[in-house]
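Structure data follow from final.cif (mmCIF, C-alpha atoms):
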data_my_file
loop_
_atom_site.label_atom_id
_atom_site.label_comp_id
_atom_site.auth_asym_id
_atom_site.auth_seq_id
_atom_site.Cartn_x
_atom_site.Cartn_y
_atom_site.Cartn_z
CA MET A 1 0.00 0.00 0.00
CA MET A 2 1.37 3.40 -1.00
CA THR A 3 2.43 5.69 1.87
CA LYS A 4 0.52 8.98 2.00
CA TYR A 5 2.05 11.98 3.76
CA GLU A 6 0.05 14.77 5.39
CA ASN A 7 0.62 18.33 6.51
CA GLN A 8 0.76 19.28 10.17
CA ILE A 9 -2.54 21.16 9.85
CA PRO A 10 -5.48 20.73 7.42
CA THR A 11 -4.42 22.10 4.02
CA ALA A 12 -6.83 22.28 1.13
CA ALA A 13 -5.14 22.96 -2.21
CA GLY A 14 -7.94 25.23 -3.44
CA MET A 15 -8.88 23.14 -6.46
CA SER A 16 -12.68 23.39 -6.19
CA PHE A 17 -14.83 23.53 -9.34
CA SER A 18 -15.45 27.25 -8.92
CA SER A 19 -11.72 27.85 -8.48
CA LEU A 20 -10.95 25.92 -11.65
CA VAL A 21 -13.53 27.96 -13.60
CA SER A 22 -12.09 31.24 -12.31
CA MET A 23 -8.56 30.10 -13.16
CA LEU A 24 -9.65 29.29 -16.70
CA LYS A 25 -10.95 32.85 -17.02
CA ASP A 26 -7.73 34.27 -15.59
CA SER A 27 -5.64 32.28 -18.06
CA MET A 28 -7.34 34.16 -20.90
CA ARG A 29 -6.53 37.63 -19.56
CA ARG A 30 -3.93 39.52 -21.58
CA SER A 31 -3.66 42.66 -19.45
CA ILE A 32 -1.16 41.19 -16.94
CA GLU A 33 2.51 40.84 -17.88
CA ARG A 34 2.88 37.22 -16.88
CA ARG A 35 6.19 36.89 -18.74
CA PRO A 36 8.98 39.48 -19.08
CA ALA A 37 8.94 41.49 -22.30
CA GLY A 38 12.73 41.34 -22.64
CA SER A 39 15.72 39.29 -21.56
CA ILE A 40 16.39 38.55 -17.90
CA PRO A 41 19.80 39.96 -16.93
CA MET A 42 22.20 37.34 -15.66
CA VAL A 43 25.68 37.23 -14.19
CA LYS A 44 27.94 34.43 -15.34
CA TYR A 45 28.84 32.17 -12.44
CA GLU A 46 32.59 31.81 -12.05
CA PRO A 47 33.44 29.19 -9.40
CA ALA A 48 36.41 29.85 -7.16
CA GLU A 49 39.32 27.49 -7.73
CA SER A 50 39.19 26.43 -4.08
CA LEU A 51 37.11 27.05 -0.98
CA ASN A 52 38.41 27.65 2.52
CA VAL A 53 36.63 27.00 5.80
CA SER A 54 37.31 30.60 6.79
CA ASP A 55 35.72 32.12 3.66
CA HIS A 56 32.57 34.17 4.16
CA PRO A 57 29.55 32.04 3.21
CA GLN A 58 27.96 33.02 -0.08
CA VAL A 59 24.90 32.07 -2.08
CA THR A 60 24.25 32.19 -5.82
CA TRP A 61 20.67 32.03 -7.07
CA PHE A 62 19.99 30.50 -10.49
CA GLY A 63 16.31 31.43 -10.84
CA HIS A 64 13.19 29.86 -9.36
CA SER A 65 14.36 27.89 -6.27
CA ALA A 66 17.74 26.69 -7.53
CA PHE A 67 20.72 28.04 -5.61
CA LEU A 68 24.27 27.17 -4.65
CA LEU A 69 25.33 27.65 -1.04
CA GLU A 70 29.08 27.84 -0.39
CA ILE A 71 29.62 27.51 3.33
CA GLU A 72 32.65 26.64 5.44
CA GLY A 73 34.55 25.09 2.55
CA HIS A 74 31.60 23.17 1.10
CA ARG A 75 29.41 23.55 -1.99
CA LEU A 76 25.73 22.62 -1.65
CA LEU A 77 23.28 22.80 -4.57
CA PHE A 78 19.56 23.06 -3.79
CA ASP A 79 16.56 22.18 -5.99
CA PRO A 80 18.59 22.41 -9.21
CA MET A 81 15.81 22.93 -11.74
CA LEU A 82 18.01 24.08 -14.64
CA GLY A 83 15.87 22.71 -17.45
CA ASN A 84 13.66 24.57 -19.92
CA ARG A 85 10.23 23.39 -18.76
CA PRO A 86 8.85 22.18 -15.38
CA SER A 87 6.88 19.50 -17.14
CA PRO A 88 6.82 15.71 -17.60
CA VAL A 89 7.55 16.22 -21.32
CA SER A 90 10.03 18.50 -23.06
CA TRP A 91 7.56 19.87 -25.62
CA ALA A 92 4.72 21.09 -23.38
CA GLY A 93 4.27 23.39 -20.41
CA THR A 94 5.53 26.83 -19.53
CA LYS A 95 8.99 27.69 -20.84
CA ARG A 96 11.85 29.20 -18.88
CA TYR A 97 12.07 32.95 -19.40
CA SER A 98 15.61 32.61 -20.68
CA THR A 99 17.31 29.53 -22.07
CA ASN A 100 20.66 31.02 -21.05
CA LEU A 101 21.93 30.18 -17.59
CA PRO A 102 24.76 31.59 -15.47
CA ILE A 103 26.37 28.14 -15.69
CA GLN A 104 25.50 24.91 -17.46
CA PRO A 105 25.08 21.79 -15.27
CA GLU A 106 28.15 20.14 -16.77
CA ASP A 107 30.30 23.13 -15.81
CA PHE A 108 29.60 23.05 -12.08
CA PRO A 109 32.59 22.30 -9.88
CA THR A 110 32.51 19.24 -7.64
CA LEU A 111 29.57 19.50 -5.23
CA ASP A 112 29.55 18.17 -1.69
CA ALA A 113 25.83 17.48 -1.90
CA ILE A 114 22.64 18.11 -3.86
CA ILE A 115 19.64 18.77 -1.64
CA ILE A 116 16.00 18.46 -2.76
CA SER A 117 12.93 19.89 -1.01
CA HIS A 118 10.24 17.89 -2.84
CA ASP A 119 9.50 16.04 -6.06
CA HIS A 120 7.52 18.58 -8.11
CA TYR A 121 8.79 19.20 -11.63
CA ASP A 122 9.91 22.75 -10.86
CA HIS A 123 12.19 21.48 -8.06
CA LEU A 124 13.24 17.96 -9.03
CA ASP A 125 14.09 18.15 -12.72
CA TYR A 126 15.17 14.85 -14.19
CA SER A 127 17.17 16.37 -17.07
CA SER A 128 19.15 18.50 -14.60
CA ILE A 129 19.84 15.58 -12.27
CA ARG A 130 21.07 13.44 -15.16
CA ARG A 131 23.55 16.19 -16.07
CA LEU A 132 24.61 16.78 -12.47
CA LYS A 133 24.67 13.33 -10.91
CA ASN A 134 28.39 12.80 -11.56
CA LYS A 135 29.24 16.11 -9.86
CA THR A 136 28.49 14.74 -6.38
CA GLN A 137 28.39 11.54 -4.37
CA ARG A 138 25.69 12.65 -1.94
CA PHE A 139 22.01 13.48 -2.39
CA ILE A 140 19.98 14.59 0.64
CA VAL A 141 16.21 14.32 0.16
CA PRO A 142 12.90 13.92 2.03
CA LEU A 143 11.25 10.52 2.47
CA GLY A 144 10.27 8.71 -0.70
CA VAL A 145 12.38 10.78 -3.09
CA ARG A 146 15.22 8.22 -3.12
CA ARG A 147 13.32 6.06 -5.59
CA ARG A 148 12.96 9.02 -7.97
CA LEU A 149 16.73 9.41 -8.05
CA ILE A 150 17.43 5.69 -8.37
CA GLN A 151 15.31 5.75 -11.55
CA LEU A 152 17.82 8.28 -12.90
CA GLY A 153 20.81 6.06 -12.18
CA VAL A 154 21.90 7.60 -8.87
CA PRO A 155 23.32 4.80 -6.68
CA SER A 156 21.13 4.14 -3.64
CA GLU A 157 24.08 4.36 -1.25
CA GLN A 158 24.66 7.97 -2.33
CA ILE A 159 21.20 9.02 -1.17
CA THR A 160 19.96 9.70 2.34
CA GLU A 161 16.28 10.44 2.84
CA HIS A 162 14.76 12.04 5.90
CA ASN A 163 11.56 12.64 7.81
CA TRP A 164 10.61 15.96 9.41
CA TRP A 165 12.88 16.82 12.35
CA ASP A 166 15.54 14.30 11.30
CA GLU A 167 19.10 15.63 11.66
CA LEU A 168 22.11 14.61 9.61
CA SER A 169 25.77 15.39 10.34
CA PHE A 170 27.76 15.64 7.13
CA LYS A 171 31.28 17.02 6.62
CA GLY A 172 31.08 19.21 9.70
CA LEU A 173 27.65 20.60 8.81
CA THR A 174 24.31 19.74 10.37
CA PHE A 175 21.26 19.36 8.15
CA ALA A 176 17.76 19.28 9.61
CA CYS A 177 14.79 18.21 7.52
CA THR A 178 12.03 20.49 8.74
CA PRO A 179 8.30 20.80 7.97
CA ALA A 180 6.68 22.69 5.12
CA ARG A 181 3.01 23.10 4.23
CA HIS A 182 2.67 21.80 0.71
CA PHE A 183 2.11 18.54 -1.19
CA SER A 184 3.95 16.24 -3.60
CA GLY A 185 3.51 14.09 -6.69
CA ARG A 186 4.46 13.96 -10.35
CA GLY A 187 1.36 12.31 -11.84
CA LEU A 188 -2.33 11.66 -11.36
CA LEU A 189 -1.95 8.66 -9.06
CA ASP A 190 0.98 9.50 -6.76
CA ARG A 191 -0.18 12.60 -4.89
CA ASN A 192 1.52 12.91 -1.47
CA SER A 193 3.39 9.64 -1.94
CA THR A 194 6.67 11.40 -1.10
CA LEU A 195 7.43 13.94 1.61
CA TRP A 196 7.98 17.68 1.13
CA CYS A 197 10.14 19.74 3.46
CA SER A 198 12.19 22.79 4.28
CA TRP A 199 15.88 22.60 5.23
CA VAL A 200 18.10 23.93 7.99
CA ILE A 201 21.84 24.05 7.30
CA ALA A 202 24.01 24.76 10.34
CA GLY A 203 27.75 25.22 10.18
CA GLN A 204 30.16 26.12 12.92
CA ALA A 205 29.49 29.85 12.53
CA THR A 206 26.57 30.24 10.12
CA LYS A 207 22.98 28.99 9.93
CA VAL A 208 20.81 29.04 6.81
CA PHE A 209 17.13 28.23 6.28
CA PHE A 210 15.48 27.26 2.98
CA SER A 211 11.68 27.20 3.04
CA GLY A 212 11.09 24.89 0.08
CA ASP A 213 7.53 25.40 -1.14
CA SER A 214 5.12 26.18 1.65
CA GLY A 215 1.97 27.92 2.68
CA TYR A 216 2.19 29.98 5.82
CA GLY A 217 1.73 28.04 9.05
CA PRO A 218 2.85 27.50 12.65
CA HIS A 219 5.82 25.38 11.56
CA PHE A 220 7.88 28.51 10.91
CA LYS A 221 7.77 29.56 14.56
CA GLU A 222 8.54 25.96 15.57
CA ILE A 223 11.61 25.96 13.34
CA GLY A 224 12.70 29.36 14.58
CA SER A 225 12.34 28.27 18.19
CA LYS A 226 14.30 25.05 17.68
CA TYR A 227 17.03 26.17 15.24
CA GLY A 228 17.00 29.97 14.91
CA PRO A 229 18.21 32.58 14.62
CA PHE A 230 19.42 32.25 11.03
CA ASP A 231 22.02 34.37 9.27
CA LEU A 232 20.22 33.84 5.96
CA THR A 233 16.83 32.64 4.78
CA LEU A 234 15.87 31.74 1.23
CA MET A 235 12.09 31.91 1.17
CA GLU A 236 9.59 31.07 -1.52
CA CYS A 237 8.00 34.14 -3.05
CA GLY A 238 6.08 33.69 -6.26
CA GLN A 239 3.56 31.46 -8.04
CA TYR A 240 1.00 32.36 -5.38
CA ASP A 241 -2.73 32.95 -5.55
CA GLU A 242 -5.43 33.51 -2.95
CA ARG A 243 -7.10 30.34 -4.24
CA TRP A 244 -4.10 28.21 -3.27
CA SER A 245 -2.59 30.31 -0.49
CA ASN A 246 -2.59 27.27 1.82
CA ILE A 247 0.28 25.77 -0.19
CA HIS A 248 2.12 28.89 -1.46
CA MET A 249 2.66 31.98 0.68
CA MET A 250 1.66 35.44 -0.39
CA PRO A 251 4.70 37.78 -0.40
CA GLU A 252 3.69 39.50 2.84
CA GLU A 253 3.40 36.11 4.50
CA THR A 254 6.88 35.27 3.26
CA VAL A 255 8.28 38.23 5.20
CA GLN A 256 6.36 37.16 8.30
CA ALA A 257 7.67 33.60 7.95
CA HIS A 258 11.20 35.01 7.75
CA LEU A 259 10.55 36.83 11.02
CA ASP A 260 9.01 33.70 12.55
CA VAL A 261 12.15 31.64 11.93
CA ARG A 262 14.23 34.56 13.25
CA GLY A 263 16.01 35.26 10.00
CA GLY A 264 18.68 37.88 9.32
CA LEU A 265 19.15 38.43 5.59
CA LEU A 266 16.21 37.43 3.36
CA ILE A 267 16.59 36.36 -0.28
CA PRO A 268 13.27 35.71 -2.08
CA VAL A 269 13.24 32.70 -4.43
CA HIS A 270 10.65 30.77 -6.48
CA TRP A 271 10.26 33.54 -9.06
CA ALA A 272 11.90 34.98 -12.23
CA ALA A 273 12.16 31.72 -14.18
CA PHE A 274 8.69 30.32 -14.97
CA THR A 275 5.07 31.43 -15.10
CA LEU A 276 3.09 29.09 -12.87
CA ALA A 277 0.46 31.53 -11.55
CA TYR A 278 -1.64 34.46 -12.76
CA HIS A 279 0.19 37.43 -11.24
CA ALA A 280 2.63 39.63 -13.15
CA TRP A 281 6.06 38.01 -13.28
CA HIS A 282 7.67 40.89 -11.32
CA GLU A 283 4.87 41.33 -8.77
CA PRO A 284 6.37 38.95 -6.18
CA VAL A 285 9.59 40.90 -5.74
CA GLU A 286 7.83 44.28 -5.69
CA ARG A 287 5.48 43.14 -2.96
CA ILE A 288 8.10 41.41 -0.85
CA VAL A 289 10.51 44.34 -1.00
CA LYS A 290 7.73 46.69 0.12
CA ALA A 291 6.72 44.37 2.97
CA ALA A 292 10.33 43.83 4.05
CA HIS A 293 11.05 47.55 4.19
CA ALA A 294 7.88 48.15 6.21
CA LEU A 295 9.09 45.65 8.84
CA ASN A 296 12.78 46.64 8.75
CA VAL A 297 13.82 43.30 7.28
CA THR A 298 17.15 43.20 5.43
CA ILE A 299 16.45 41.88 1.94
CA ALA A 300 18.72 41.13 -1.02
CA THR A 301 17.45 41.00 -4.60
CA PRO A 302 20.38 39.68 -6.65
CA LYS A 303 20.34 39.14 -10.37
CA ILE A 304 20.32 35.53 -11.43
CA GLY A 305 23.90 34.31 -11.08
CA GLU A 306 25.00 37.19 -8.85
CA LYS A 307 26.86 36.06 -5.73
CA VAL A 308 25.64 37.32 -2.36
CA VAL A 309 28.33 37.24 0.32
CA LEU A 310 27.03 37.02 3.88
CA HIS A 311 28.18 39.46 6.52
CA SER A 312 28.82 42.13 3.89
CA GLU A 313 28.19 45.81 4.48
CA ASP A 314 25.93 45.99 1.41
CA TYR A 315 23.72 43.47 -0.37
CA PRO A 316 22.36 43.58 -3.95
CA SER A 317 19.21 45.69 -3.92
CA HIS A 318 18.98 47.31 -7.36
CA PRO A 319 15.49 46.78 -8.90
CA TRP A 320 16.86 45.21 -12.07
CA TRP A 321 13.46 43.76 -13.02
CA ARG A 322 12.06 47.25 -13.70
CA SER A 323 14.33 47.80 -16.67
CA ILE A 324 13.14 44.77 -18.66
#
Rendering of file as structure tokens:
Amino acid sequence: MMTKYENQIPTAAGMSFSSLVSMLKDSMRRSIERRPAGSIPMVKYEPAESLNVSDHPQVTWFGHSAFLLEIEGHRLLFDPMLGNRPSPVSWAGTKRYSTNLPIQPEDFPTLDAIIISHDHYDHLDYSSIRRLKNKTQRFIVPLGVRRRLIQLGVPSEQITEHNWWDELSFKGLTFACTPARHFSGRGLLDRNSTLWCSWVIAGQATKVFFSGDSGYGPHFKEIGSKYGPFDLTLMECGQYDERWSNIHMMPEETVQAHLDVRGGLLIPVHWAAFTLAYHAWHEPVERIVKAAHALNVTIATPKIGEKVVLHSEDYPSHPWWRSI
């Protein structure tokens, strides 16, 4: 019998008949700029020849929720969706805003680990994993996702999978698989057959939190109480809608979740690569910047591929999206 995972609190996905009808109407609207009119600016990623434990931690965002965390001499790649479409087939579904990337999967340096938050197509991309699997010998995933990777030829012994609140010590870092409020599945018959999660990464001097995909909920305060404060949070911001706000936060909720986990610097992710909702493509960042400033939250808005070095005096904040 297939295992079915559940959220901590009741979480309807908002897929009622009336919601589906209203979404069909929204999909026909042409007044909202759901895709950028021009090219997304990007910064070419140039990996350092070597990393030192004493280096300041830094993060490089590759669009949507894909990012590279370089921390205490280690390179960790999260949710590396670097393909052209978050879809089960290569010829259908929304296309990436730009087919150019700051770095191609084959050009990544050796990675200490690849970490996945859940199995949706916009987070676990099979084409990207096939191109990256020889770059690392460790995959860290939530329960049930191991079998997805084994199908791609990743050796089982290179994969560890974890339940909520599990902790893993790895190369001097501590990883904690923490709750999120979402769902999983890649087809019609496997909904919630794998777990979804957020991640805590704790080094000797720096702590980072990645929200994965999540609606707002009490788990953020739980995580903040158990593991905070965090030097950096990477929080989902984008592809939201009031109709499915239980499973994707609105931008103002993202800022509150950052405060709940006791975050320092906030970098919004889950935007600027694909159109998966009905808002303007740039609306998420405009709303979250406004909300962050209202609550005195330090926020960085890097270009795709632009490195953000923690503990700097200044962080990227130029509104580059307004010039497209």
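For the choices A:Arg181, A:Ile150, A:Gln58, A:Ile140, the atom-to-atom distance to Ser169 in chain A is smallest for A:Ile140 when using all atoms listed in the file.
Of the listed residues A:Leu234, A:Ala291, A:Ala277, A:Ala300, the one whose atoms come nearest to Thr94 in chain A is A:Ala277, with distances taken using only C-alpha atoms.
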Query raised in the report: In file coordinates, which residues lie within 10 Å of (20.8, 38.8, -10.0) using only C-alpha atoms, given as a list in words?
Result: Ile40, Pro41, Met42, Val43, Lys44, Thr60, Trp61, Phe62, Gly63, Pro102, Ala272, Ala300, Thr301, Pro302, Lys303, Ile304, Gly305, Glu306, Lys307, Val308, Pro316, Ser317, His318, Pro319, Trp320 and Trp321 of chain A
Query raised in the report: Taking the file as shown, what set of residues would the PyMOL selection byres ((chain A and resi 289) around 12) give back, as a PyMOL selection string?
Result: chain A and resi 237+251-252+254-255+266-268+282-288+290-301+317-319
Tell me which protein, DNA and RNA residues are within 7 Å of Trp164 in chain A, counting only C-alpha atoms, leaving out same-chain ones fewer than 4 positions away, and put them as a PDB file with C-alpha atoms, in the frame of the given file.
ATOM      1  CA  CYS A 177      14.790  18.210   7.520  1.00  0.00           C
ATOM      2  CA  THR A 178      12.030  20.490   8.740  1.00  0.00           C
ATOM      3  CA  PRO A 179       8.300  20.800   7.970  1.00  0.00           C
TER       4      PRO A 179
END
**Report entry** Target residues per the PyMOL selection byres ((chain A and resi 217-220) around 9), formatted as a VMD selection string
**Finding:** chain A and resid 8 to 9 178 to 181 211 214 to 216 221 to 225 246 257 to 261
Query raised in the report: Mind pulling up the distance from CA of Leu77 in chain A to CA of Lys135 in chain A?
Result: 10.4 Å
Please supply range 256-272 of chain A, rebuilt with N, CA and C atoms, as a CSV table (one decimal), keeping the file's coordinate frame.
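Written out: result31.csv:
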chain,number,residue,atom,x,y,z
A,256,GLN,N,6.7,37.6,6.9
A,256,GLN,CA,6.4,37.2,8.3
A,256,GLN,C,7.0,35.8,8.6
A,257,ALA,N,7.0,34.9,7.7
A,257,ALA,CA,7.7,33.6,8.0
A,257,ALA,C,9.2,33.8,8.2
A,258,HIS,N,9.8,34.7,7.5
A,258,HIS,CA,11.2,35.0,7.8
A,258,HIS,C,11.4,35.5,9.2
A,259,LEU,N,10.5,36.3,9.6
A,259,LEU,CA,10.6,36.8,11.0
A,259,LEU,C,10.3,35.7,12.0
A,260,ASP,N,9.3,34.8,11.7
A,260,ASP,CA,9.0,33.7,12.6
A,260,ASP,C,10.2,32.8,12.8
A,261,VAL,N,11.0,32.5,11.7
A,261,VAL,CA,12.2,31.6,11.9
A,261,VAL,C,13.3,32.4,12.5
A,262,ARG,N,13.2,33.7,12.7
A,262,ARG,CA,14.2,34.6,13.2
A,262,ARG,C,15.4,34.7,12.3
A,263,GLY,N,15.0,35.1,11.1
A,263,GLY,CA,16.0,35.3,10.0
A,263,GLY,C,16.7,36.6,10.0
A,264,GLY,N,17.9,36.7,9.5
A,264,GLY,CA,18.7,37.9,9.3
A,264,GLY,C,18.5,38.4,7.9
A,265,LEU,N,19.3,38.0,7.0
A,265,LEU,CA,19.2,38.4,5.6
A,265,LEU,C,18.1,37.5,4.9
A,266,LEU,N,17.2,38.2,4.1
A,266,LEU,CA,16.2,37.4,3.4
A,266,LEU,C,16.5,37.5,1.9
A,267,ILE,N,16.5,36.4,1.2
A,267,ILE,CA,16.6,36.4,-0.3
A,267,ILE,C,15.3,35.7,-0.8
A,268,PRO,N,14.5,36.4,-1.5
A,268,PRO,CA,13.3,35.7,-2.1
A,268,PRO,C,13.6,34.8,-3.3
A,269,VAL,N,13.0,33.6,-3.3
A,269,VAL,CA,13.2,32.7,-4.4
A,269,VAL,C,11.9,32.3,-4.9
A,270,HIS,N,11.9,31.3,-5.9
A,270,HIS,CA,10.6,30.8,-6.5
A,270,HIS,C,10.0,31.8,-7.4
A,271,TRP,N,10.8,32.6,-8.1
A,271,TRP,CA,10.3,33.5,-9.1
A,271,TRP,C,11.3,33.8,-10.1
A,272,ALA,N,11.0,34.5,-11.2
A,272,ALA,CA,11.9,35.0,-12.2
A,272,ALA,C,12.4,33.9,-13.2
